[in-house]
$ cat upload_16.csv   # CSV, C-alpha atoms
chain,number,residue,atom,x,y,z
A,1,MET,CA,-20.8,-28.2,-39.2
A,2,LYS,CA,-17.8,-29.0,-37.0
A,3,LEU,CA,-14.6,-26.9,-36.9
A,4,PHE,CA,-11.4,-28.5,-35.8
A,5,ILE,CA,-8.2,-26.6,-35.1
A,6,THR,CA,-5.0,-28.4,-34.9
A,7,LEU,CA,-2.0,-27.0,-33.2
A,8,SER,CA,1.5,-28.3,-33.1
A,9,LYS,CA,3.0,-28.9,-29.6
A,10,LYS,CA,5.1,-25.8,-30.0
A,11,SER,CA,2.1,-23.7,-30.9
A,12,LEU,CA,0.0,-25.1,-28.1
A,13,VAL,CA,2.8,-24.4,-25.5
A,14,ALA,CA,3.1,-20.8,-26.9
A,15,LEU,CA,-0.7,-20.3,-26.6
A,16,ILE,CA,-0.8,-21.6,-23.1
A,17,ALA,CA,2.1,-19.4,-22.1
A,18,ALA,CA,0.4,-16.4,-23.6
A,19,ILE,CA,-2.8,-17.1,-21.7
A,20,VAL,CA,-0.9,-17.6,-18.4
A,21,LEU,CA,1.0,-14.3,-18.9
A,22,ILE,CA,-2.3,-12.4,-19.7
A,23,LEU,CA,-3.9,-13.8,-16.5
A,24,LEU,CA,-0.8,-12.9,-14.4
A,25,ILE,CA,-0.9,-9.3,-15.8
A,26,LEU,CA,-4.6,-8.9,-15.2
A,27,GLY,CA,-4.2,-10.3,-11.7
A,28,GLN,CA,-1.5,-7.8,-10.9
A,29,LEU,CA,-3.5,-4.9,-12.3
A,30,MET,CA,-6.5,-5.9,-10.2
A,31,THR,CA,-4.4,-6.3,-7.1
A,32,LEU,CA,-2.7,-2.9,-7.5
A,33,GLY,CA,-5.8,-0.8,-8.1
A,34,VAL,CA,-9.1,-2.4,-7.0
A,35,SER,CA,-8.4,-3.4,-3.4
A,36,ALA,CA,-6.3,-0.4,-2.4
A,37,PRO,CA,-8.1,2.5,-0.7
A,38,ASP,CA,-8.5,5.8,-2.7
A,39,GLY,CA,-5.7,8.2,-1.9
A,40,SER,CA,-6.2,10.6,-4.8
A,41,THR,CA,-7.1,13.7,-2.8
A,42,ASN,CA,-6.4,15.1,0.6
A,43,GLN,CA,-10.0,14.6,1.6
A,44,THR,CA,-10.1,10.9,0.6
A,45,ARG,CA,-6.9,10.3,2.6
A,46,VAL,CA,-8.2,12.1,5.7
A,47,ASP,CA,-11.6,10.2,5.4
A,48,TYR,CA,-9.8,6.9,5.1
A,49,ILE,CA,-7.6,7.6,8.2
A,50,GLU,CA,-10.7,8.7,10.2
A,51,GLN,CA,-12.6,5.6,9.1
A,52,LEU,CA,-9.9,3.6,10.8
A,53,GLY,CA,-10.6,5.6,14.0
A,54,TYR,CA,-7.7,8.1,14.0
A,55,PRO,CA,-8.9,11.7,14.0
A,56,VAL,CA,-6.1,13.7,12.3
A,57,GLU,CA,-5.4,17.3,11.4
A,58,GLU,CA,-6.8,18.2,8.0
A,59,THR,CA,-3.5,19.3,6.4
A,60,PRO,CA,-0.6,16.9,6.2
A,61,ALA,CA,2.4,17.9,8.4
A,62,GLU,CA,4.8,16.5,5.8
A,63,VAL,CA,4.6,15.3,2.2
A,64,ARG,CA,7.7,13.5,0.7
A,65,GLU,CA,8.4,11.5,-2.4
A,66,ILE,CA,10.0,8.1,-2.0
A,67,VAL,CA,11.0,5.1,-4.2
A,68,ILE,CA,10.2,1.7,-2.8
A,69,PRO,CA,13.5,-0.2,-3.0
A,70,GLN,CA,13.9,-2.8,-5.7
A,71,THR,CA,15.6,-5.1,-3.1
A,72,PHE,CA,14.4,-4.9,0.5
A,73,SER,CA,17.0,-4.4,3.3
A,74,GLU,CA,16.4,-6.1,6.6
A,75,VAL,CA,14.7,-2.8,7.8
A,76,TYR,CA,12.4,-2.7,4.8
A,77,THR,CA,11.6,-6.4,5.2
A,78,LYS,CA,10.5,-5.7,8.8
A,79,TYR,CA,8.5,-2.6,7.7
A,80,ASN,CA,6.8,-4.7,5.0
A,81,ALA,CA,5.9,-7.3,7.7
A,82,LEU,CA,4.1,-4.4,9.5
A,83,GLN,CA,2.3,-3.5,6.3
A,84,ILE,CA,1.2,-7.1,5.8
A,85,GLN,CA,-0.4,-7.0,9.4
A,86,ALA,CA,-2.5,-4.1,8.1
A,87,GLY,CA,-3.5,-5.8,4.9
A,88,PHE,CA,-0.9,-4.2,2.6
A,89,ASP,CA,2.1,-5.6,0.9
A,90,LEU,CA,4.8,-3.4,-0.7
A,91,THR,CA,6.5,-6.2,-2.7
A,92,ALA,CA,4.3,-5.5,-5.7
A,93,TYR,CA,5.6,-1.9,-5.7
A,94,LYS,CA,9.3,-2.5,-5.7
A,95,GLY,CA,11.1,0.1,-7.7
A,96,LYS,CA,8.1,2.3,-8.0
A,97,SER,CA,7.8,6.0,-6.9
A,98,ALA,CA,5.3,6.8,-4.2
A,99,THR,CA,4.3,9.8,-1.9
A,100,VAL,CA,4.2,9.6,1.8
A,101,TYR,CA,1.6,11.9,3.5
A,102,ALA,CA,2.1,12.4,7.3
A,103,TYR,CA,-0.9,13.5,9.3
A,104,LEU,CA,-0.7,14.5,13.0
A,105,LEU,CA,-3.2,13.0,15.4
A,106,GLN,CA,-5.6,15.6,16.9
A,107,GLU,CA,-5.6,13.9,20.3
A,108,ASN,CA,-1.9,13.2,20.6
A,109,ALA,CA,0.6,15.3,18.6
A,110,ASP,CA,3.3,12.8,19.5
A,111,TYR,CA,1.8,10.5,16.9
A,112,ARG,CA,1.3,10.7,13.3
A,113,VAL,CA,-0.4,8.6,10.6
A,114,ASN,CA,1.7,8.0,7.5
A,115,LEU,CA,0.0,7.0,4.3
A,116,ILE,CA,2.0,5.7,1.3
A,117,VAL,CA,0.3,6.5,-1.9
A,118,CYS,CA,1.2,5.2,-5.4
A,119,GLY,CA,-0.8,6.6,-8.2
A,120,ASP,CA,-4.1,7.4,-6.6
A,121,ARG,CA,-4.1,4.4,-4.2
A,122,VAL,CA,-3.1,3.9,-0.6
A,123,ILE,CA,-0.6,1.1,-0.7
A,124,GLY,CA,0.6,1.2,2.9
A,125,GLY,CA,1.1,3.2,6.0
A,126,ASP,CA,1.7,3.2,9.7
A,127,VAL,CA,1.0,5.0,13.0
A,128,SER,CA,4.2,6.2,14.5
A,129,SER,CA,5.5,8.1,17.4
A,130,VAL,CA,7.7,11.1,16.7
A,131,ARG,CA,9.5,10.7,20.0
A,132,LEU,CA,13.0,9.3,20.1
A,133,ASP,CA,11.9,6.2,22.0
A,134,GLY,CA,8.7,6.0,19.9
A,135,GLU,CA,6.9,3.0,18.5
A,136,MET,CA,5.5,2.1,15.1
A,137,LEU,CA,2.2,0.4,14.7
A,138,PRO,CA,0.4,-1.1,11.7
A,139,LEU,CA,-2.2,1.1,10.1
A,140,ALA,CA,-5.4,-0.7,11.2
A,141,ASP,CA,-8.7,-0.1,12.8
A,142,SER,CA,-8.6,1.9,16.0
A,143,GLY,CA,-8.2,-1.2,18.1
A,144,GLN,CA,-4.5,-0.3,18.1
A,145,ALA,CA,-3.6,1.1,21.5
A,146,ILE,CA,-1.5,4.2,21.4
A,147,SER,CA,0.5,4.7,24.5
A,148,ASN,CA,0.7,8.2,26.0
$ encode --input "upload_16.csv" --output "structure tokens"
Amino acid sequence: MKLFITLSKKSLVALIAAIVLILLILGQLMTLGVSAPDGSTNQTRVDYIEQLGYPVEETPAEVREIVIPQTFSEVYTKYNALQIQAGFDLTAYKGKSATVYAYLLQENADYRVNLIVCGDRVIGGDVSSVRLDGEMLPLADSGQAISN
């Protein structure tokens, strides 16, 4: 027994559009949650930072709430370029609230590791100097040189 379904052009276009929309939503959900490191607890954040080769103090020196801007300024565009170097991209989080956890390096208190966490996932971060003439580096494996 054969079953034939006939659709008008309008119905076919609507069906294809719905399928594409579902695939886009599923793709975004997978991008947001699966590939991002776990940032749900202080211990998972510290473990993640230390896996990258940065021994940090166990307690964050600062915790603050932020909102990722809906429209990136020039400064935020440059900051996101730094994120992309480390395998992150904040564009998917525009307009969303996040928490920044700042951990001081054990070996050099002039530097701290900042993690940006949205929900329970690390979505970005950096290694930055707290000095006035300081630098900001991408959050990456410890191959990054930190100047003293």
$ atom_distance --input "upload_16.csv" --atom1 "CA of Tyr54 (chain A)" --atom2 "CA of Thr99 (chain A)"
20.0 Å
$ atom_distance --input "upload_16.csv" --atom1 "CA of Ile116 (chain A)" --atom2 "CA of Asp38 (chain A)"
11.2 Å
$ residues_around --input "upload_16.csv" --residues "region 68-77 of chain A" --least-positions-apart "6" --cutoff "9 Å" --atoms "only C-alpha atoms" --output "compact mmCIF listing (two decimals) with C-alpha atoms, keeping the file's coordinate frame"
# COMPACT_ATOMS: atom_id res chain seq x y z
CA LEU A 90 4.80 -3.40 -0.70
CA THR A 91 6.50 -6.20 -2.70
CA TYR A 93 5.60 -1.90 -5.70
CA LYS A 94 9.30 -2.50 -5.70
CA GLY A 95 11.10 0.10 -7.70
CA LYS A 96 8.10 2.30 -8.00
CA SER A 97 7.80 6.00 -6.90
CA ALA A 98 5.30 6.80 -4.20
$ atom_distance --input "upload_16.csv" --atom1 "CA of Leu115 (chain A)" --atom2 "CA of Pro37 (chain A)"
10.5 Å
$ closest_residue --input "upload_16.csv" --among "A:Gln106, A:Gln83, A:Ser35, A:Ser40" --to "Gly124 (chain A)" --atoms "all atoms listed in the file"
A:Gln83
$ decode --input "upload_16.csv" --residues "region 47-66 of chain A" --atoms "N, CA and C atoms" --output "CSV table (one decimal), in the first residue's frame"
chain,number,residue,atom,x,y,z
A,47,ASP,N,38.8,24.5,38.8
A,47,ASP,CA,39.4,23.4,38.1
A,47,ASP,C,39.6,23.7,36.6
A,48,TYR,N,38.7,24.4,36.0
A,48,TYR,CA,38.8,24.8,34.6
A,48,TYR,C,40.0,25.7,34.4
A,49,ILE,N,40.1,26.7,35.2
A,49,ILE,CA,41.2,27.7,35.1
A,49,ILE,C,42.6,27.0,35.3
A,50,GLU,N,42.6,26.1,36.3
A,50,GLU,CA,43.9,25.4,36.5
A,50,GLU,C,44.2,24.4,35.4
A,51,GLN,N,43.2,23.8,34.7
A,51,GLN,CA,43.5,22.9,33.6
A,51,GLN,C,44.1,23.7,32.5
A,52,LEU,N,43.8,25.0,32.4
A,52,LEU,CA,44.5,25.9,31.4
A,52,LEU,C,45.9,26.2,31.8
A,53,GLY,N,46.3,25.9,33.0
A,53,GLY,CA,47.7,26.2,33.5
A,53,GLY,C,47.8,27.4,34.3
A,54,TYR,N,46.8,27.9,34.9
A,54,TYR,CA,46.8,29.1,35.7
A,54,TYR,C,46.4,28.8,37.1
A,55,PRO,N,47.4,28.5,38.0
A,55,PRO,CA,47.0,28.3,39.4
A,55,PRO,C,46.5,29.6,40.0
A,56,VAL,N,45.3,29.5,40.6
A,56,VAL,CA,44.6,30.7,41.1
A,56,VAL,C,44.2,30.5,42.6
A,57,GLU,N,43.9,31.6,43.3
A,57,GLU,CA,43.4,31.5,44.6
A,57,GLU,C,42.0,30.8,44.5
A,58,GLU,N,41.7,30.0,45.6
A,58,GLU,CA,40.4,29.3,45.6
A,58,GLU,C,39.2,30.1,45.6
A,59,THR,N,39.3,31.3,46.2
A,59,THR,CA,38.1,32.2,46.3
A,59,THR,C,38.2,33.3,45.4
A,60,PRO,N,37.1,33.6,44.6
A,60,PRO,CA,37.2,34.8,43.7
A,60,PRO,C,37.4,36.1,44.4
A,61,ALA,N,38.3,36.9,43.9
A,61,ALA,CA,38.5,38.2,44.5
A,61,ALA,C,37.4,39.2,44.2
A,62,GLU,N,36.6,38.9,43.2
A,62,GLU,CA,35.5,39.8,42.8
A,62,GLU,C,34.4,38.9,42.1
A,63,VAL,N,33.2,39.2,42.3
A,63,VAL,CA,32.1,38.6,41.6
A,63,VAL,C,31.1,39.8,41.3
A,64,ARG,N,30.8,39.9,40.0
A,64,ARG,CA,29.9,41.0,39.6
A,64,ARG,C,29.0,40.5,38.5
A,65,GLU,N,27.8,41.1,38.5
A,65,GLU,CA,26.8,40.8,37.4
A,65,GLU,C,26.9,41.8,36.3
A,66,ILE,N,26.8,41.3,35.1
A,66,ILE,CA,26.9,42.1,33.9
A,66,ILE,C,25.7,41.8,32.9
